[in-house]
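Structure file model09.csv (CSV, C-alpha atoms and all ligand atoms) follows.
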chain,number,residue,atom,x,y,z
A,1,MET,CA,-5.2,-4.2,-30.3
A,2,THR,CA,-3.0,-1.4,-28.9
A,3,PRO,CA,0.7,-2.5,-28.8
A,4,LEU,CA,2.1,-2.8,-25.3
A,5,THR,CA,4.7,-0.4,-24.1
A,6,PRO,CA,8.0,-1.9,-22.7
A,7,GLU,CA,6.9,-0.8,-19.2
A,8,ALA,CA,3.5,-2.5,-19.6
A,9,LYS,CA,5.3,-5.7,-20.9
A,10,LYS,CA,7.6,-5.6,-17.8
A,11,ALA,CA,4.6,-5.1,-15.4
A,12,ILE,CA,2.7,-8.0,-17.0
A,13,SER,CA,5.8,-10.3,-16.9
A,14,ALA,CA,6.3,-9.4,-13.2
A,15,ARG,CA,2.6,-10.2,-12.5
A,16,VAL,CA,2.8,-13.5,-14.4
A,17,GLN,CA,6.0,-14.4,-12.4
A,18,PHE,CA,4.1,-13.8,-9.2
A,19,TYR,CA,1.2,-16.0,-10.3
A,20,ARG,CA,3.7,-18.7,-11.3
A,21,GLU,CA,5.3,-18.6,-7.9
A,22,LEU,CA,1.8,-19.3,-6.5
A,23,GLY,CA,1.4,-22.3,-8.8
A,24,ILE,CA,-1.1,-20.5,-11.1
A,25,HIS,CA,-0.3,-21.1,-14.8
A,26,SER,CA,-3.4,-20.2,-16.8
A,27,PHE,CA,-4.0,-16.5,-17.8
A,28,TYR,CA,-6.1,-14.5,-20.1
A,29,ARG,CA,-5.7,-10.9,-21.3
A,30,ARG,CA,-8.5,-8.5,-20.4
A,31,SER,CA,-10.2,-6.8,-23.3
A,32,GLU,CA,-9.1,-3.2,-24.1
A,33,ALA,CA,-9.9,-0.5,-21.6
A,34,PRO,CA,-13.1,1.5,-22.4
A,35,PRO,CA,-12.7,4.9,-24.1
A,36,LEU,CA,-11.6,7.6,-21.7
A,37,GLU,CA,-15.0,9.3,-21.5
A,38,ASP,CA,-16.5,6.0,-20.3
A,39,GLN,CA,-14.0,5.6,-17.5
A,40,PRO,CA,-14.7,6.6,-13.9
A,41,ILE,CA,-12.9,9.8,-12.9
A,42,MET,CA,-9.5,8.8,-11.5
A,43,ALA,CA,-8.5,10.3,-8.2
A,44,LYS,CA,-5.5,12.4,-8.1
A,45,THR,CA,-2.5,11.1,-6.3
A,46,SER,CA,-1.0,14.3,-5.0
A,47,SER,CA,-1.8,18.0,-4.6
A,48,ALA,CA,-4.1,19.5,-7.3
A,49,THR,CA,-2.5,21.3,-10.2
A,50,SER,CA,-3.3,25.0,-10.4
A,51,ALA,CA,-5.1,24.4,-13.7
A,52,ALA,CA,-7.3,21.8,-12.1
A,53,LYS,CA,-7.9,24.1,-9.1
A,54,ALA,CA,-9.1,26.9,-11.4
A,55,LYS,CA,-12.2,25.0,-12.8
A,56,PRO,CA,-15.1,23.7,-10.7
A,57,LEU,CA,-14.4,20.1,-10.1
A,58,PRO,CA,-16.7,17.1,-10.3
A,59,VAL,CA,-17.7,15.8,-6.9
A,60,ILE,CA,-15.2,12.9,-6.7
A,61,GLN,CA,-12.4,15.3,-7.6
A,62,GLN,CA,-13.5,17.8,-5.0
A,63,VAL,CA,-13.4,15.1,-2.4
A,64,SER,CA,-9.9,14.1,-3.5
A,65,SER,CA,-8.9,17.8,-3.5
A,66,GLU,CA,-10.0,18.2,0.1
A,67,LYS,CA,-8.2,15.0,1.0
A,68,GLY,CA,-5.1,16.3,-0.7
A,69,GLU,CA,-5.3,19.5,1.2
A,70,LEU,CA,-5.8,17.7,4.5
A,71,LEU,CA,-2.9,15.4,3.8
A,72,ASP,CA,-0.7,18.4,2.8
A,73,ALA,CA,-1.6,19.9,6.2
A,74,VAL,CA,-0.5,16.6,8.0
A,75,ARG,CA,2.7,16.7,6.0
A,76,ALA,CA,3.3,20.3,6.9
A,77,ASP,CA,2.7,19.4,10.6
A,78,ILE,CA,5.4,16.7,10.3
A,79,GLY,CA,7.7,19.4,8.9
A,80,ASP,CA,11.4,18.7,9.1
A,81,CYS,CA,10.7,16.4,11.9
A,82,THR,CA,13.1,15.9,14.8
A,83,ARG,CA,10.6,14.3,17.2
A,84,CYS,CA,12.6,11.1,17.5
A,85,ARG,CA,16.1,9.8,17.0
A,86,LEU,CA,15.2,8.4,13.5
A,87,SER,CA,15.5,11.9,12.1
A,88,LYS,CA,19.3,11.9,12.7
A,89,GLU,CA,20.2,9.5,9.9
A,90,ARG,CA,17.3,9.9,7.5
A,91,THR,CA,17.7,11.5,4.1
A,92,ASN,CA,14.0,12.0,3.3
A,93,ILE,CA,10.8,11.7,5.2
A,94,VAL,CA,8.7,9.1,3.5
A,95,PHE,CA,5.1,10.3,4.0
A,96,GLY,CA,3.0,8.0,1.9
A,97,THR,CA,1.6,8.0,-1.6
A,98,GLY,CA,-1.2,6.8,-3.7
A,99,ASN,CA,-4.8,7.2,-4.6
A,100,LEU,CA,-6.6,9.5,-2.2
A,101,ASP,CA,-9.9,7.7,-2.7
A,102,ALA,CA,-8.3,4.2,-2.4
A,103,ASP,CA,-10.5,1.4,-1.1
A,104,ILE,CA,-7.3,-0.4,0.1
A,105,MET,CA,-4.5,1.2,2.1
A,106,PHE,CA,-1.3,-0.8,2.7
A,107,VAL,CA,0.7,0.0,5.8
A,108,GLY,CA,4.3,-1.1,6.1
A,109,GLU,CA,6.8,-0.8,8.9
A,110,GLY,CA,9.2,1.9,7.8
A,111,PRO,CA,11.3,3.1,4.9
A,112,GLY,CA,14.4,1.2,3.7
A,113,ALA,CA,17.4,2.5,1.9
A,114,ASP,CA,15.7,3.0,-1.5
A,115,GLU,CA,12.7,4.7,0.1
A,116,ASP,CA,14.9,6.9,2.2
A,117,GLU,CA,16.7,8.0,-0.9
A,118,GLN,CA,13.6,8.6,-3.0
A,119,GLY,CA,11.2,9.8,-0.3
A,120,LEU,CA,8.6,7.2,-1.5
A,121,PRO,CA,7.3,4.1,0.2
A,122,PHE,CA,8.0,0.6,-1.1
A,123,VAL,CA,10.1,1.4,-4.1
A,124,GLY,CA,12.9,-1.1,-3.5
A,125,ARG,CA,12.8,-4.9,-3.9
A,126,ALA,CA,10.1,-5.4,-1.4
A,127,GLY,CA,8.1,-2.6,-3.2
A,128,GLN,CA,8.5,-4.5,-6.5
A,129,LEU,CA,7.0,-7.6,-4.8
A,130,LEU,CA,4.2,-5.5,-3.3
A,131,ASN,CA,3.5,-4.1,-6.8
A,132,ASN,CA,3.2,-7.6,-8.0
A,133,MET,CA,0.9,-8.6,-5.2
A,134,ILE,CA,-1.3,-5.6,-5.9
A,135,SER,CA,-1.3,-6.4,-9.6
A,136,ALA,CA,-2.3,-10.1,-8.8
A,137,MET,CA,-5.4,-8.6,-7.2
A,138,GLY,CA,-6.4,-7.2,-10.6
A,139,ILE,CA,-5.6,-3.6,-9.6
A,140,GLN,CA,-2.6,-1.4,-9.8
A,141,ARG,CA,-0.3,0.4,-7.3
A,142,GLU,CA,-2.0,3.7,-8.5
A,143,ASP,CA,-5.3,2.4,-7.1
A,144,VAL,CA,-4.2,2.0,-3.5
A,145,TYR,CA,-2.6,4.2,-0.9
A,146,ILE,CA,0.7,3.2,0.7
A,147,ALA,CA,2.2,4.4,4.0
A,148,ASN,CA,4.3,3.2,6.9
A,149,VAL,CA,4.2,3.2,10.6
A,150,VAL,CA,7.4,5.3,10.9
A,151,LYS,CA,8.3,7.8,8.2
A,152,CYS,CA,12.0,7.8,8.6
A,153,ARG,CA,14.4,5.0,7.9
A,154,PRO,CA,15.6,3.1,11.0
A,155,PRO,CA,19.4,2.9,10.7
A,156,GLY,CA,20.5,-0.3,9.1
A,157,ASN,CA,16.8,-1.2,8.5
A,158,ARG,CA,16.5,-2.3,12.2
A,159,THR,CA,13.0,-2.7,13.5
A,160,PRO,CA,11.6,0.6,14.7
A,161,GLU,CA,11.4,0.9,18.5
A,162,ARG,CA,8.3,1.3,20.5
A,163,ASP,CA,8.8,5.0,21.3
A,164,GLU,CA,9.6,5.7,17.6
A,165,CYS,CA,6.4,4.0,16.5
A,166,ASP,CA,4.4,5.8,19.2
A,167,THR,CA,5.8,9.2,18.2
A,168,CYS,CA,5.1,8.7,14.5
A,169,SER,CA,1.9,6.7,14.4
A,170,PRO,CA,-0.5,9.7,15.1
A,171,PHE,CA,0.4,10.9,11.6
A,172,LEU,CA,-0.5,7.5,10.2
A,173,MET,CA,-3.8,7.6,12.0
A,174,GLN,CA,-4.5,11.0,10.5
A,175,GLN,CA,-3.7,9.6,7.0
A,176,ILE,CA,-6.1,6.8,7.6
A,177,GLU,CA,-8.8,9.2,8.8
A,178,ILE,CA,-8.3,11.3,5.7
A,179,ILE,CA,-8.1,8.5,3.1
A,180,LYS,CA,-10.9,6.6,4.7
A,181,PRO,CA,-10.0,3.3,3.0
A,182,LYS,CA,-12.5,0.5,3.1
A,183,ILE,CA,-9.8,-1.8,4.4
A,184,ILE,CA,-6.2,-1.5,5.6
A,185,VAL,CA,-3.8,-4.2,4.9
A,186,ALA,CA,-1.1,-4.3,7.6
A,187,LEU,CA,2.1,-5.6,6.1
A,188,GLY,CA,4.0,-7.6,8.7
A,189,ALA,CA,4.1,-7.8,12.5
A,190,VAL,CA,5.3,-4.3,13.2
A,191,ALA,CA,2.4,-2.7,11.3
A,192,ALA,CA,-0.1,-5.2,12.6
A,193,LYS,CA,0.9,-4.9,16.2
A,194,ASN,CA,1.1,-1.1,16.2
A,195,LEU,CA,-2.2,-0.6,14.5
A,196,LEU,CA,-4.1,-3.3,16.4
A,197,GLY,CA,-2.3,-2.8,19.7
A,198,LEU,CA,-2.0,-6.6,19.9
A,199,ASN,CA,1.2,-8.4,20.7
A,200,ASP,CA,0.6,-11.7,19.0
A,201,SER,CA,2.3,-13.9,16.4
A,202,MET,CA,1.7,-13.4,12.7
A,203,ALA,CA,0.1,-16.9,12.6
A,204,ASN,CA,-2.5,-15.7,15.1
A,205,LEU,CA,-2.9,-12.2,13.6
A,206,ARG,CA,-3.6,-13.3,10.0
A,207,GLY,CA,-6.7,-14.9,8.6
A,208,ARG,CA,-9.4,-12.6,9.9
A,209,ILE,CA,-10.8,-9.1,9.2
A,210,TYR,CA,-10.7,-6.8,12.2
A,211,ASP,CA,-12.9,-3.8,13.0
A,212,PHE,CA,-10.5,-0.9,13.1
A,213,LYS,CA,-11.6,2.6,13.9
A,214,ASN,CA,-14.2,3.3,11.2
A,215,THR,CA,-12.8,0.8,8.8
A,216,LYS,CA,-11.6,-2.8,8.6
A,217,LEU,CA,-8.1,-4.3,8.8
A,218,ALA,CA,-6.4,-7.4,7.6
A,219,VAL,CA,-2.9,-8.6,8.3
A,220,THR,CA,-0.5,-10.3,5.9
A,221,TYR,CA,3.2,-11.0,5.6
A,222,HIS,CA,5.6,-8.2,4.8
A,223,PRO,CA,6.9,-8.4,1.3
A,224,ALA,CA,10.5,-8.3,2.6
A,225,TYR,CA,9.7,-11.4,4.6
A,226,LEU,CA,8.2,-13.0,1.5
A,227,LEU,CA,11.4,-12.3,-0.4
A,228,ARG,CA,13.3,-14.2,2.4
A,229,ASP,CA,10.7,-17.1,2.5
A,230,PRO,CA,8.9,-17.3,-0.8
A,231,ARG,CA,7.0,-20.4,0.3
A,232,GLN,CA,4.8,-18.1,2.3
A,233,LYS,CA,3.6,-16.2,-0.8
A,234,ALA,CA,0.7,-18.7,-1.2
A,235,GLU,CA,-0.4,-17.8,2.4
A,236,ALA,CA,-0.1,-14.1,1.6
A,237,TRP,CA,-2.2,-14.6,-1.5
A,238,LYS,CA,-4.9,-16.2,0.7
A,239,ASP,CA,-4.9,-13.0,2.9
A,240,LEU,CA,-5.2,-10.9,-0.2
A,241,GLN,CA,-8.1,-13.0,-1.5
A,242,MET,CA,-9.8,-12.6,1.8
A,243,VAL,CA,-9.5,-8.8,1.3
A,244,MET,CA,-10.8,-9.0,-2.2
A,245,LYS,CA,-13.8,-11.1,-1.1
A,246,HIS,CA,-14.5,-8.5,1.6
A,247,LEU,CA,-14.5,-5.8,-1.0
A,248,GLY,CA,-16.5,-7.8,-3.6
A,249,MET,CA,-13.6,-7.8,-6.0
A,250,THR,CA,-13.4,-10.6,-8.5
A,251,ALA,CA,-10.1,-12.2,-9.0
A,252,PRO,CA,-8.7,-12.2,-12.5
A,253,ALA,CA,-9.6,-15.5,-14.2
A,254,GLY,CA,-7.6,-18.5,-12.9
A,255,LYS,CA,-6.5,-16.8,-9.7
A,256,ASN,CA,-9.0,-18.1,-7.3
A,257,GLY,CA,-7.2,-21.2,-6.0
B,1,LIG,N1,9.5,-1.8,4.0
B,1,LIG,C1,8.6,-1.1,4.6
B,1,LIG,O1,8.0,-1.5,5.6
B,1,LIG,N2,8.2,0.1,4.1
B,1,LIG,C2,8.7,0.6,3.0
B,1,LIG,O2,8.3,1.6,2.5
B,1,LIG,C3,9.8,-0.2,2.3
B,1,LIG,C4,10.1,-1.4,2.9
Could you rewrite the structure in this file as structure tokens?
Ligand code: URA
Amino acid sequence: MTPLTPEAKKAISARVQFYRELGIHSFYRRSEAPPLEDQPIMAKTSSATSAAKAKPLPVIQQVSSEKGELLDAVRADIGDCTRCRLSKERTNIVFGTGNLDADIMFVGEGPGADEDEQGLPFVGRAGQLLNNMISAMGIQREDVYIANVVKCRPPGNRTPERDECDTCSPFLMQQIEIIKPKIIVALGAVAAKNLLGLNDSMANLRGRIYDFKNTKLAVTYHPAYLLRDPRQKAEAWKDLQMVMKHLGMTAPAGKNG
């Protein structure tokens, strides 16, 4: 068996911790990954390298490459944005990141301090919990795409205002159209209400799969809320299980309950 790297050990212990918090205590380790040549072609997560561009690409990679170019165009359109007041205090625009051929796209509210500093979504404490939630589904962060309703940090992490969301959400819609996920998971009320155009409580918004544009959408709690109220993690896990069932994903052994 290949020895685990310290990073892999850390990731596994984070996942185990999340399961424990859900009251799940029995685990097994998957058999070793198949040799590389037997694995499906992984989609790229950002612009194509020049070496990759030089050779003709297999179909899946060509699609990813087109998506990458389209996303680059959206990012270029955003530019050094000053369309709303959030631009004044931001350090970096947090565009979004992940697998361009993702089945699942997570949508949060807006960047926090860590995200603003690094220019990447969900890299702080809430991001760590999101990683664990994704990992509990038997997949990895690299398998999904992650973006936010607003791309600049609201000062002091306040809730983004209506006009700020309205100004920024066309870019999110373009990202969704390009990625074409099979399902979007709206993280928290801001994402859910903005995407669905519904002003309802989280209790009412959760628990069902919506038709949304040409895809589907489910709502769950924002990881930052789960950090404040960990008792709701079991409810969030139910939401994720609903998403997994919709996609025909099998939960890792012992994670069904
Ligand atoms: N919260 C969000 O909604 N998005 C992030 O990227 C980080 C924290």
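Between atom CA of A:Ile146 and atom CA of A:Ala73 there is a distance of 17.7 Å.
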Within 9 Å of ligand LIG 1 (chain B) (only C-alpha atoms and all ligand atoms), residues as a compact mmCIF listing (two decimals) with C-alpha atoms, in the frame of the given file:
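Full text of part34.txt as output:
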# COMPACT_ATOMS: atom_id res chain seq x y z
CA VAL A 94 8.70 9.10 3.50
CA GLY A 96 3.00 8.00 1.90
CA VAL A 107 0.70 0.00 5.80
CA GLY A 108 4.30 -1.10 6.10
CA GLU A 109 6.80 -0.80 8.90
CA GLY A 110 9.20 1.90 7.80
CA PRO A 111 11.30 3.10 4.90
CA GLY A 112 14.40 1.20 3.70
CA ALA A 113 17.40 2.50 1.90
CA ASP A 114 15.70 3.00 -1.50
CA GLU A 115 12.70 4.70 0.10
CA ASP A 116 14.90 6.90 2.20
CA LEU A 120 8.60 7.20 -1.50
CA PRO A 121 7.30 4.10 0.20
CA PHE A 122 8.00 0.60 -1.10
CA VAL A 123 10.10 1.40 -4.10
CA GLY A 124 12.90 -1.10 -3.50
CA ARG A 125 12.80 -4.90 -3.90
CA ALA A 126 10.10 -5.40 -1.40
CA GLY A 127 8.10 -2.60 -3.20
CA ILE A 146 0.70 3.20 0.70
CA ALA A 147 2.20 4.40 4.00
CA ASN A 148 4.30 3.20 6.90
CA VAL A 149 4.20 3.20 10.60
CA VAL A 150 7.40 5.30 10.90
CA LYS A 151 8.30 7.80 8.20
CA ARG A 153 14.40 5.00 7.90
CA ASN A 157 16.80 -1.20 8.50
CA LEU A 187 2.10 -5.60 6.10
CA GLY A 188 4.00 -7.60 8.70
CA VAL A 190 5.30 -4.30 13.20
CA ALA A 191 2.40 -2.70 11.30
CA HIS A 222 5.60 -8.20 4.80
CA PRO A 223 6.90 -8.40 1.30
CA ALA A 224 10.50 -8.30 2.60
Between atom CA of A:Cys81 and atom CA of A:Val219 lies a distance of 28.7 Å
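Taking atom CA of A:Val243 and atom CA of A:Arg228 as endpoints, the distance between them is 23.5 Å.
When only C-alpha atoms are used to measure the gap to A:Arg83, the shortest distance among A:Met249, A:Met133, A:Ala236, A:Cys165 belongs to A:Cys165.
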Residues within 12 Å of A:Ile209, all atoms listed in the file, excluding chain neighbours under 5 positions, as an MDAnalysis selection string: chainID A and resid 182:186 192 196 215:220 239:247
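With distances taken over all atoms listed in the file, A:Ser87 is the one residue among A:Ile139, A:Ser87, A:Lys213, A:Gly197 lying closest to A:Cys152.
Counting all atoms listed in the file and comparing A:Gln174, A:Thr97, A:Ser135, A:Gln128, the residue that lies closest to A:Leu70 is A:Gln174.
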